[in-house]
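The file entry-v9.cif contains mmCIF, C-alpha atoms and all ligand atoms:
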```
data_coords
loop_
_atom_site.label_atom_id
_atom_site.label_comp_id
_atom_site.auth_asym_id
_atom_site.auth_seq_id
_atom_site.Cartn_x
_atom_site.Cartn_y
_atom_site.Cartn_z
CA MET A 236 0.00 0.00 0.00
CA ARG A 237 1.15 3.51 -0.83
CA PRO A 238 1.78 5.81 2.16
CA LYS A 239 -0.68 8.65 2.52
CA PRO A 240 0.59 11.78 0.75
CA PRO A 241 1.53 14.64 3.09
CA PRO A 242 -1.04 17.42 3.44
CA ASN A 243 -0.62 20.08 0.81
CA TYR A 244 -0.44 23.22 2.92
CA LEU A 245 -0.12 25.50 -0.09
CA ALA A 246 -3.11 24.23 -2.07
CA GLY A 247 -5.20 27.10 -3.34
CA TYR A 248 -2.36 29.60 -3.74
CA PRO A 249 -1.25 30.73 -7.23
CA PRO A 250 0.85 28.04 -9.01
CA GLU A 251 3.70 30.52 -9.70
CA LEU A 252 3.96 31.24 -6.01
CA ILE A 253 3.99 27.54 -5.14
CA ALA A 254 6.65 26.88 -7.79
CA GLN A 255 8.79 29.65 -6.32
CA ILE A 256 8.53 28.18 -2.83
CA ASN A 257 9.23 24.65 -4.05
CA GLN A 258 12.35 25.94 -5.75
CA LEU A 259 13.54 27.59 -2.54
CA ILE A 260 12.92 24.31 -0.72
CA GLU A 261 14.84 22.31 -3.34
CA GLN A 262 17.75 24.76 -3.18
CA ASN A 263 17.76 24.41 0.58
CA LEU A 264 17.17 28.14 1.02
CA ILE A 265 13.81 28.16 2.73
CA ALA A 266 15.09 27.93 6.31
CA ASP A 267 17.33 30.97 5.84
CA TRP A 268 14.51 32.83 4.13
CA LEU A 269 12.17 32.16 7.05
CA LEU A 270 14.75 32.93 9.73
CA GLN A 271 15.63 36.20 8.08
CA LYS A 272 11.99 37.24 8.05
CA TYR A 273 11.20 35.85 11.49
CA PRO A 274 14.38 35.73 13.56
CA HIS A 275 12.92 35.22 17.05
CA ARG A 276 10.75 32.80 18.92
CA HIS A 277 7.92 34.30 20.98
CA ALA A 278 7.95 34.18 24.80
CA VAL A 279 4.52 32.65 25.50
CA ARG A 280 5.59 29.48 27.31
CA SER A 281 2.57 28.30 29.34
CA ASP A 282 -1.21 27.93 29.12
CA LYS A 283 -1.52 30.80 31.59
CA ALA A 284 0.67 33.05 29.44
CA LEU A 285 -1.34 32.00 26.38
CA TYR A 286 -4.59 32.82 28.18
CA ASP A 287 -3.31 36.32 28.99
CA TYR A 288 -2.14 36.77 25.42
CA VAL A 289 -5.53 35.72 24.00
CA MET A 290 -7.44 37.91 26.46
CA GLU A 291 -5.39 40.98 25.65
CA LEU A 292 -6.19 40.63 21.96
CA LYS A 293 -9.83 39.90 22.70
CA CYS A 294 -10.20 42.97 24.91
CA SER A 295 -8.67 45.17 22.25
CA TYR A 296 -10.67 43.91 19.29
CA LEU A 297 -13.55 41.67 20.29
CA ARG A 298 -14.71 43.11 23.56
CA ASN A 299 -18.34 42.24 22.91
CA ALA A 300 -17.81 38.72 21.65
CA GLY A 301 -18.80 35.78 23.81
CA GLN A 302 -16.78 34.79 26.83
CA ILE A 303 -13.86 32.40 26.49
CA ASN A 304 -13.67 29.79 29.22
CA ARG A 305 -10.48 28.02 28.47
CA VAL A 306 -7.28 28.63 26.54
CA ALA A 307 -4.61 25.96 26.16
CA PHE A 308 -1.78 24.59 24.11
CA ASP A 309 -2.91 21.18 22.89
CA ASN A 310 -0.45 18.47 21.89
CA THR A 311 -3.17 16.28 20.41
CA LEU A 312 -3.85 18.88 17.74
CA HIS A 313 -2.20 18.46 14.39
CA LEU A 314 -2.47 20.98 11.67
CA THR A 315 -4.18 20.02 8.49
CA ARG A 316 -4.64 22.11 5.43
CA ASN A 317 -8.02 23.47 6.39
CA ALA A 318 -7.91 23.54 10.13
CA LEU A 319 -5.32 25.82 11.62
CA GLY A 320 -5.94 25.22 15.26
CA MET A 321 -9.27 24.29 16.69
CA HIS A 322 -12.27 26.09 18.00
CA THR A 323 -14.86 24.33 20.04
CA SER A 324 -18.17 25.57 21.14
CA LYS A 325 -19.66 23.07 23.53
CA PHE A 326 -23.15 23.68 24.67
CA GLN A 327 -23.94 22.80 28.22
CA VAL A 328 -27.32 22.75 29.83
CA GLN A 329 -27.18 24.86 32.95
CA GLY A 330 -30.49 24.98 34.72
CA ALA A 331 -32.94 26.05 32.07
CA LYS A 332 -30.39 28.01 30.09
CA LEU A 333 -28.19 26.85 27.29
CA LYS A 334 -24.76 28.28 27.83
CA ALA A 335 -22.02 28.31 25.23
CA LYS A 336 -18.69 27.18 26.52
CA ARG A 337 -15.91 28.54 24.41
CA GLU A 338 -12.47 27.04 24.33
CA VAL A 339 -9.46 28.10 22.34
CA HIS A 340 -6.92 25.37 21.68
CA VAL A 341 -3.63 26.08 19.99
CA ALA A 342 -1.46 23.23 18.69
CA THR A 343 1.59 22.80 20.90
CA MET A 344 3.88 23.19 17.90
CA PHE A 345 3.05 26.91 18.01
CA LYS A 346 5.15 27.17 21.18
CA ASP A 347 8.25 27.01 19.02
CA MET A 348 7.31 29.64 16.51
CA PRO A 349 7.90 33.34 15.96
CA PRO A 350 5.49 35.90 17.50
CA GLU A 351 3.91 36.59 14.10
CA PHE A 352 2.74 32.99 13.65
CA LEU A 353 1.35 32.78 17.19
CA ARG A 354 -0.51 36.03 16.61
CA MET A 355 -1.88 34.71 13.33
CA ILE A 356 -3.25 31.50 14.87
CA VAL A 357 -4.74 33.32 17.87
CA VAL A 358 -6.36 35.92 15.61
CA HIS A 359 -7.76 33.03 13.56
CA GLU A 360 -9.20 31.27 16.59
CA LEU A 361 -10.58 34.47 18.11
CA SER A 362 -12.34 35.34 14.86
CA HIS A 363 -14.10 31.99 15.08
CA VAL A 364 -15.68 33.12 18.33
CA LYS A 365 -17.78 35.42 16.14
CA VAL A 366 -17.82 33.65 12.76
CA SER A 367 -17.62 29.87 12.50
CA ASP A 368 -17.05 29.56 8.75
CA HIS A 369 -13.97 30.52 6.78
CA ASN A 370 -15.89 33.14 4.85
CA LYS A 371 -15.44 36.80 3.88
CA ALA A 372 -16.66 38.13 7.21
CA PHE A 373 -14.27 35.79 8.97
CA TYR A 374 -11.18 36.97 7.10
CA LYS A 375 -12.27 40.57 7.49
CA LEU A 376 -12.17 40.08 11.24
CA CYS A 377 -8.75 38.42 11.01
CA CYS A 378 -7.33 41.30 8.96
CA ASN A 379 -8.85 43.85 11.29
CA MET A 380 -6.95 42.30 14.20
CA GLU A 381 -3.80 41.70 12.19
CA PRO A 382 -3.38 43.60 8.89
CA ASN A 383 -0.64 41.15 7.80
CA TYR A 384 -2.84 38.14 8.52
CA HIS A 385 -2.72 36.71 4.99
CA GLN A 386 1.04 37.13 4.69
CA PHE A 387 1.61 35.43 8.04
CA GLU A 388 -0.73 32.58 7.13
CA PHE A 389 1.06 32.02 3.85
CA ASP A 390 4.49 32.10 5.49
CA LEU A 391 3.28 29.72 8.18
CA ARG A 392 2.12 27.33 5.46
CA VAL A 393 5.52 27.61 3.80
CA TYR A 394 7.10 26.73 7.13
CA LEU A 395 4.77 23.73 7.57
CA THR A 396 5.67 22.55 4.07
CA TRP A 397 9.36 22.81 4.93
CA LEU A 398 8.79 21.16 8.32
CA GLU A 399 7.22 18.18 6.58
CA SER A 400 10.56 17.39 4.91
CA ALA A 401 13.00 18.68 7.54
CA GLY A 402 11.14 17.44 10.61
CA GLU A 403 12.76 19.85 13.02
CA SER A 404 11.58 23.20 14.31
CA LEU A 405 13.46 26.27 13.15
CA TRP A 406 12.85 28.15 16.40
CA LEU A 407 13.87 25.75 19.14
ZN ZN A 501 -10.59 27.97 11.24
#
```

Represent the structure from my file as structure tokens, please.
Amino acid sequence: MRPKPPPNYLAGYPPELIAQINQLIEQNLIADWLLQKYPHRHAVRSDKALYDYVMELKCSYLRNAGQINRVAFDNTLHLTRNALGMHTSKFQVQGAKLKAKREVHVATMFKDMPPEFLRMIVVHELSHVKVSDHNKAFYKLCCNMEPNYHQFEFDLRVYLTWLESAGESLWL
């Protein structure tokens, strides 16, 4: 049996752009390219620190959105092409009321990433508190919180593509 092909993190982007990135990967230049753009790892080391980080962004941009009950790094989460992170909305019956319980989980691999990529994933997850689909309104929210959202998401996908072959984090 053939092994399952790796997820194509760059699917959907223009072919010229993908060809350019593949060339950089083949020439072994992608790590340097990424490190030059993003030289440092962020300093959010714990679930508590992540909670504070998420809340600060939420208070600045999504003050009126629903409450978030839990924020955590999650080592059971693996990134796939379409799901960057995870957003759960569990409904619990409390007395007669239905109460939404919001949790933001961030894949543990984001611990060893630059601040821009952490910001991108948190902005993504926070936007899901208001919009569940990946639609226009959703990306508008993302870009409102982080004007470079699309660039960061693309660069993150480039990194994931590289990671697939290299297997080792660039920001350890
Ligand atoms: Zn999403």

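Using all atoms listed in the file, the shortest contact distance between ligand ZN 501 (chain A) and any of A:Thr343, A:Thr311, A:Asn243, A:Ser362 is found at A:Ser362.
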
- Take the point (2.0, 21.6, 0.8) in the file's coordinates, draw a sphere of radius 8 Å around it, and report as number ranges by chain every protein, DNA or RNA residue with an atom inside or on it, counting all atoms listed in the file. A: 241-246, 392-393, 395-396

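Distance annotation: of A:Ser404, A:His369, A:Tyr384, A:Glu399, the residue with the minimal separation from ligand ZN 501 (chain A) is A:His369; atom set is all atoms listed in the file.
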
- Judged by all atoms listed in the file, the minimum distance to Leu391 of chain A among A:Glu351, A:Asp309, A:Glu251, A:Asp368 is found for A:Glu351

- Item | Distance in Å - atom CA of Leu376 of chain A versus atom CA of Leu297 of chain A | 9.3 Å

- Query: Do you know which residues are at most 10 Å from segment 363-365 of chain A counting only C-alpha atoms, after dropping those on the same chain fewer than 6 positions away, and could you put them as number ranges by chain?
  - Reply: A: 293, 297, 299-303, 321-324, 337-339, 357, 372-374, 376-377

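Straight-line separation from atom CA of Asn383 of chain A to atom CA of Ile253 of chain A: 19.3 Å.
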
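Of the listed residues (A:Glu403, A:Glu360, A:Asp390, A:Asp282), A:Asp390 comes nearest to Trp268 of chain A; the distances count all atoms listed in the file.
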
- Item | Contact residues around Pro274 of chain A with all atoms listed in the file at 12 Å, ignoring same-chain residues under 4 positions, as number ranges by chain | A: 266-270, 347-352, 405-407

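The interatomic distance for the pair atom CA of Leu285 of chain A and atom CA of Leu312 of chain A works out to 15.9 Å.
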
- Message: Considering all atoms listed in the file, can you say which of A:His340, A:His359, A:Lys375, A:His385 comes closest to ligand ZN 501 (chain A)?
- Response: A:His359

- Which one is closest to ligand ZN 501 (chain A): A:Leu252, A:Val358, A:Ala278, A:Asn379? Count all atoms listed in the file. A:Val358

- Near Glu261 of chain A, within 12 Å and counting only C-alpha atoms, which residues show up once chain neighbours fewer than 4 positions away are dropped, as an MDAnalysis selection string? chainID A and resid 254:257 265:266 396:397 400:401

Could you pull segment 342-366 of chain A out of the block above and save it with N, CA, C and O atoms, as a PDB file, in the first residue's frame?
```
ATOM      1  N   ALA A 342      -2.384  24.376  18.781  1.00  0.00           N
ATOM      2  CA  ALA A 342      -1.464  23.233  18.686  1.00  0.00           C
ATOM      3  C   ALA A 342      -0.140  23.557  19.362  1.00  0.00           C
ATOM      4  O   ALA A 342       0.403  24.657  19.197  1.00  0.00           O
ATOM      5  N   THR A 343       0.369  22.588  20.128  1.00  0.00           N
ATOM      6  CA  THR A 343       1.592  22.803  20.902  1.00  0.00           C
ATOM      7  C   THR A 343       2.765  23.224  20.023  1.00  0.00           C
ATOM      8  O   THR A 343       3.650  23.957  20.483  1.00  0.00           O
ATOM      9  N   MET A 344       2.765  22.811  18.779  1.00  0.00           N
ATOM     10  CA  MET A 344       3.875  23.188  17.898  1.00  0.00           C
ATOM     11  C   MET A 344       4.030  24.709  17.777  1.00  0.00           C
ATOM     12  O   MET A 344       5.102  25.199  17.459  1.00  0.00           O
ATOM     13  N   PHE A 345       2.968  25.454  18.079  1.00  0.00           N
ATOM     14  CA  PHE A 345       3.051  26.914  18.012  1.00  0.00           C
ATOM     15  C   PHE A 345       3.890  27.522  19.141  1.00  0.00           C
ATOM     16  O   PHE A 345       4.183  28.709  19.125  1.00  0.00           O
ATOM     17  N   LYS A 346       4.244  26.676  20.129  1.00  0.00           N
ATOM     18  CA  LYS A 346       5.146  27.171  21.177  1.00  0.00           C
ATOM     19  C   LYS A 346       6.498  27.548  20.588  1.00  0.00           C
ATOM     20  O   LYS A 346       7.146  28.480  21.040  1.00  0.00           O
ATOM     21  N   ASP A 347       6.926  26.777  19.621  1.00  0.00           N
ATOM     22  CA  ASP A 347       8.246  27.013  19.019  1.00  0.00           C
ATOM     23  C   ASP A 347       8.107  27.715  17.681  1.00  0.00           C
ATOM     24  O   ASP A 347       8.559  27.213  16.642  1.00  0.00           O
ATOM     25  N   MET A 348       7.480  28.866  17.735  1.00  0.00           N
ATOM     26  CA  MET A 348       7.308  29.640  16.510  1.00  0.00           C
ATOM     27  C   MET A 348       7.519  31.116  16.795  1.00  0.00           C
ATOM     28  O   MET A 348       7.504  31.546  17.939  1.00  0.00           O
ATOM     29  N   PRO A 349       7.713  31.899  15.749  1.00  0.00           N
ATOM     30  CA  PRO A 349       7.899  33.342  15.955  1.00  0.00           C
ATOM     31  C   PRO A 349       6.597  34.013  16.404  1.00  0.00           C
ATOM     32  O   PRO A 349       5.514  33.455  16.208  1.00  0.00           O
ATOM     33  N   PRO A 350       6.685  35.206  17.001  1.00  0.00           N
ATOM     34  CA  PRO A 350       5.490  35.896  17.496  1.00  0.00           C
ATOM     35  C   PRO A 350       4.429  36.119  16.426  1.00  0.00           C
ATOM     36  O   PRO A 350       3.233  36.060  16.717  1.00  0.00           O
ATOM     37  N   GLU A 351       4.868  36.317  15.187  1.00  0.00           N
ATOM     38  CA  GLU A 351       3.907  36.593  14.104  1.00  0.00           C
ATOM     39  C   GLU A 351       2.989  35.396  13.855  1.00  0.00           C
ATOM     40  O   GLU A 351       1.801  35.567  13.579  1.00  0.00           O
ATOM     41  N   PHE A 352       3.551  34.182  13.937  1.00  0.00           N
ATOM     42  CA  PHE A 352       2.737  32.993  13.654  1.00  0.00           C
ATOM     43  C   PHE A 352       1.779  32.704  14.814  1.00  0.00           C
ATOM     44  O   PHE A 352       0.653  32.257  14.604  1.00  0.00           O
ATOM     45  N   LEU A 353       2.246  32.950  16.037  1.00  0.00           N
ATOM     46  CA  LEU A 353       1.355  32.780  17.185  1.00  0.00           C
ATOM     47  C   LEU A 353       0.191  33.761  17.078  1.00  0.00           C
ATOM     48  O   LEU A 353      -0.974  33.410  17.283  1.00  0.00           O
ATOM     49  N   ARG A 354       0.527  35.005  16.740  1.00  0.00           N
ATOM     50  CA  ARG A 354      -0.507  36.026  16.607  1.00  0.00           C
ATOM     51  C   ARG A 354      -1.523  35.631  15.535  1.00  0.00           C
ATOM     52  O   ARG A 354      -2.732  35.761  15.714  1.00  0.00           O
ATOM     53  N   MET A 355      -1.010  35.121  14.426  1.00  0.00           N
ATOM     54  CA  MET A 355      -1.884  34.712  13.329  1.00  0.00           C
ATOM     55  C   MET A 355      -2.860  33.621  13.775  1.00  0.00           C
ATOM     56  O   MET A 355      -4.062  33.713  13.527  1.00  0.00           O
ATOM     57  N   ILE A 356      -2.358  32.601  14.479  1.00  0.00           N
ATOM     58  CA  ILE A 356      -3.251  31.497  14.873  1.00  0.00           C
ATOM     59  C   ILE A 356      -4.252  31.960  15.931  1.00  0.00           C
ATOM     60  O   ILE A 356      -5.412  31.564  15.916  1.00  0.00           O
ATOM     61  N   VAL A 357      -3.823  32.836  16.831  1.00  0.00           N
ATOM     62  CA  VAL A 357      -4.739  33.318  17.867  1.00  0.00           C
ATOM     63  C   VAL A 357      -5.810  34.222  17.250  1.00  0.00           C
ATOM     64  O   VAL A 357      -6.994  34.117  17.587  1.00  0.00           O
ATOM     65  N   VAL A 358      -5.401  35.068  16.322  1.00  0.00           N
ATOM     66  CA  VAL A 358      -6.357  35.919  15.606  1.00  0.00           C
ATOM     67  C   VAL A 358      -7.380  35.045  14.870  1.00  0.00           C
ATOM     68  O   VAL A 358      -8.584  35.310  14.885  1.00  0.00           O
ATOM     69  N   HIS A 359      -6.884  33.955  14.266  1.00  0.00           N
ATOM     70  CA  HIS A 359      -7.757  33.027  13.556  1.00  0.00           C
ATOM     71  C   HIS A 359      -8.795  32.428  14.514  1.00  0.00           C
ATOM     72  O   HIS A 359      -9.998  32.447  14.248  1.00  0.00           O
ATOM     73  N   GLU A 360      -8.297  31.916  15.631  1.00  0.00           N
ATOM     74  CA  GLU A 360      -9.201  31.274  16.588  1.00  0.00           C
ATOM     75  C   GLU A 360     -10.184  32.261  17.206  1.00  0.00           C
ATOM     76  O   GLU A 360     -11.354  31.946  17.411  1.00  0.00           O
ATOM     77  N   LEU A 361      -9.696  33.452  17.519  1.00  0.00           N
ATOM     78  CA  LEU A 361     -10.585  34.470  18.106  1.00  0.00           C
ATOM     79  C   LEU A 361     -11.671  34.878  17.123  1.00  0.00           C
ATOM     80  O   LEU A 361     -12.819  35.106  17.507  1.00  0.00           O
ATOM     81  N   SER A 362     -11.330  34.966  15.859  1.00  0.00           N
ATOM     82  CA  SER A 362     -12.339  35.342  14.856  1.00  0.00           C
ATOM     83  C   SER A 362     -13.439  34.295  14.791  1.00  0.00           C
ATOM     84  O   SER A 362     -14.599  34.621  14.517  1.00  0.00           O
ATOM     85  N   HIS A 363     -13.082  33.050  15.076  1.00  0.00           N
ATOM     86  CA  HIS A 363     -14.098  31.992  15.078  1.00  0.00           C
ATOM     87  C   HIS A 363     -15.089  32.137  16.228  1.00  0.00           C
ATOM     88  O   HIS A 363     -16.164  31.540  16.184  1.00  0.00           O
ATOM     89  N   VAL A 364     -14.725  32.896  17.248  1.00  0.00           N
ATOM     90  CA  VAL A 364     -15.681  33.122  18.327  1.00  0.00           C
ATOM     91  C   VAL A 364     -16.908  33.852  17.761  1.00  0.00           C
ATOM     92  O   VAL A 364     -18.027  33.635  18.193  1.00  0.00           O
ATOM     93  N   LYS A 365     -16.663  34.690  16.750  1.00  0.00           N
ATOM     94  CA  LYS A 365     -17.781  35.419  16.140  1.00  0.00           C
ATOM     95  C   LYS A 365     -18.304  34.777  14.866  1.00  0.00           C
ATOM     96  O   LYS A 365     -19.489  34.818  14.589  1.00  0.00           O
ATOM     97  N   VAL A 366     -17.414  34.236  14.046  1.00  0.00           N
ATOM     98  CA  VAL A 366     -17.818  33.654  12.760  1.00  0.00           C
ATOM     99  C   VAL A 366     -17.260  32.237  12.665  1.00  0.00           C
ATOM    100  O   VAL A 366     -16.061  32.039  12.755  1.00  0.00           O
TER     101      VAL A 366
END
```
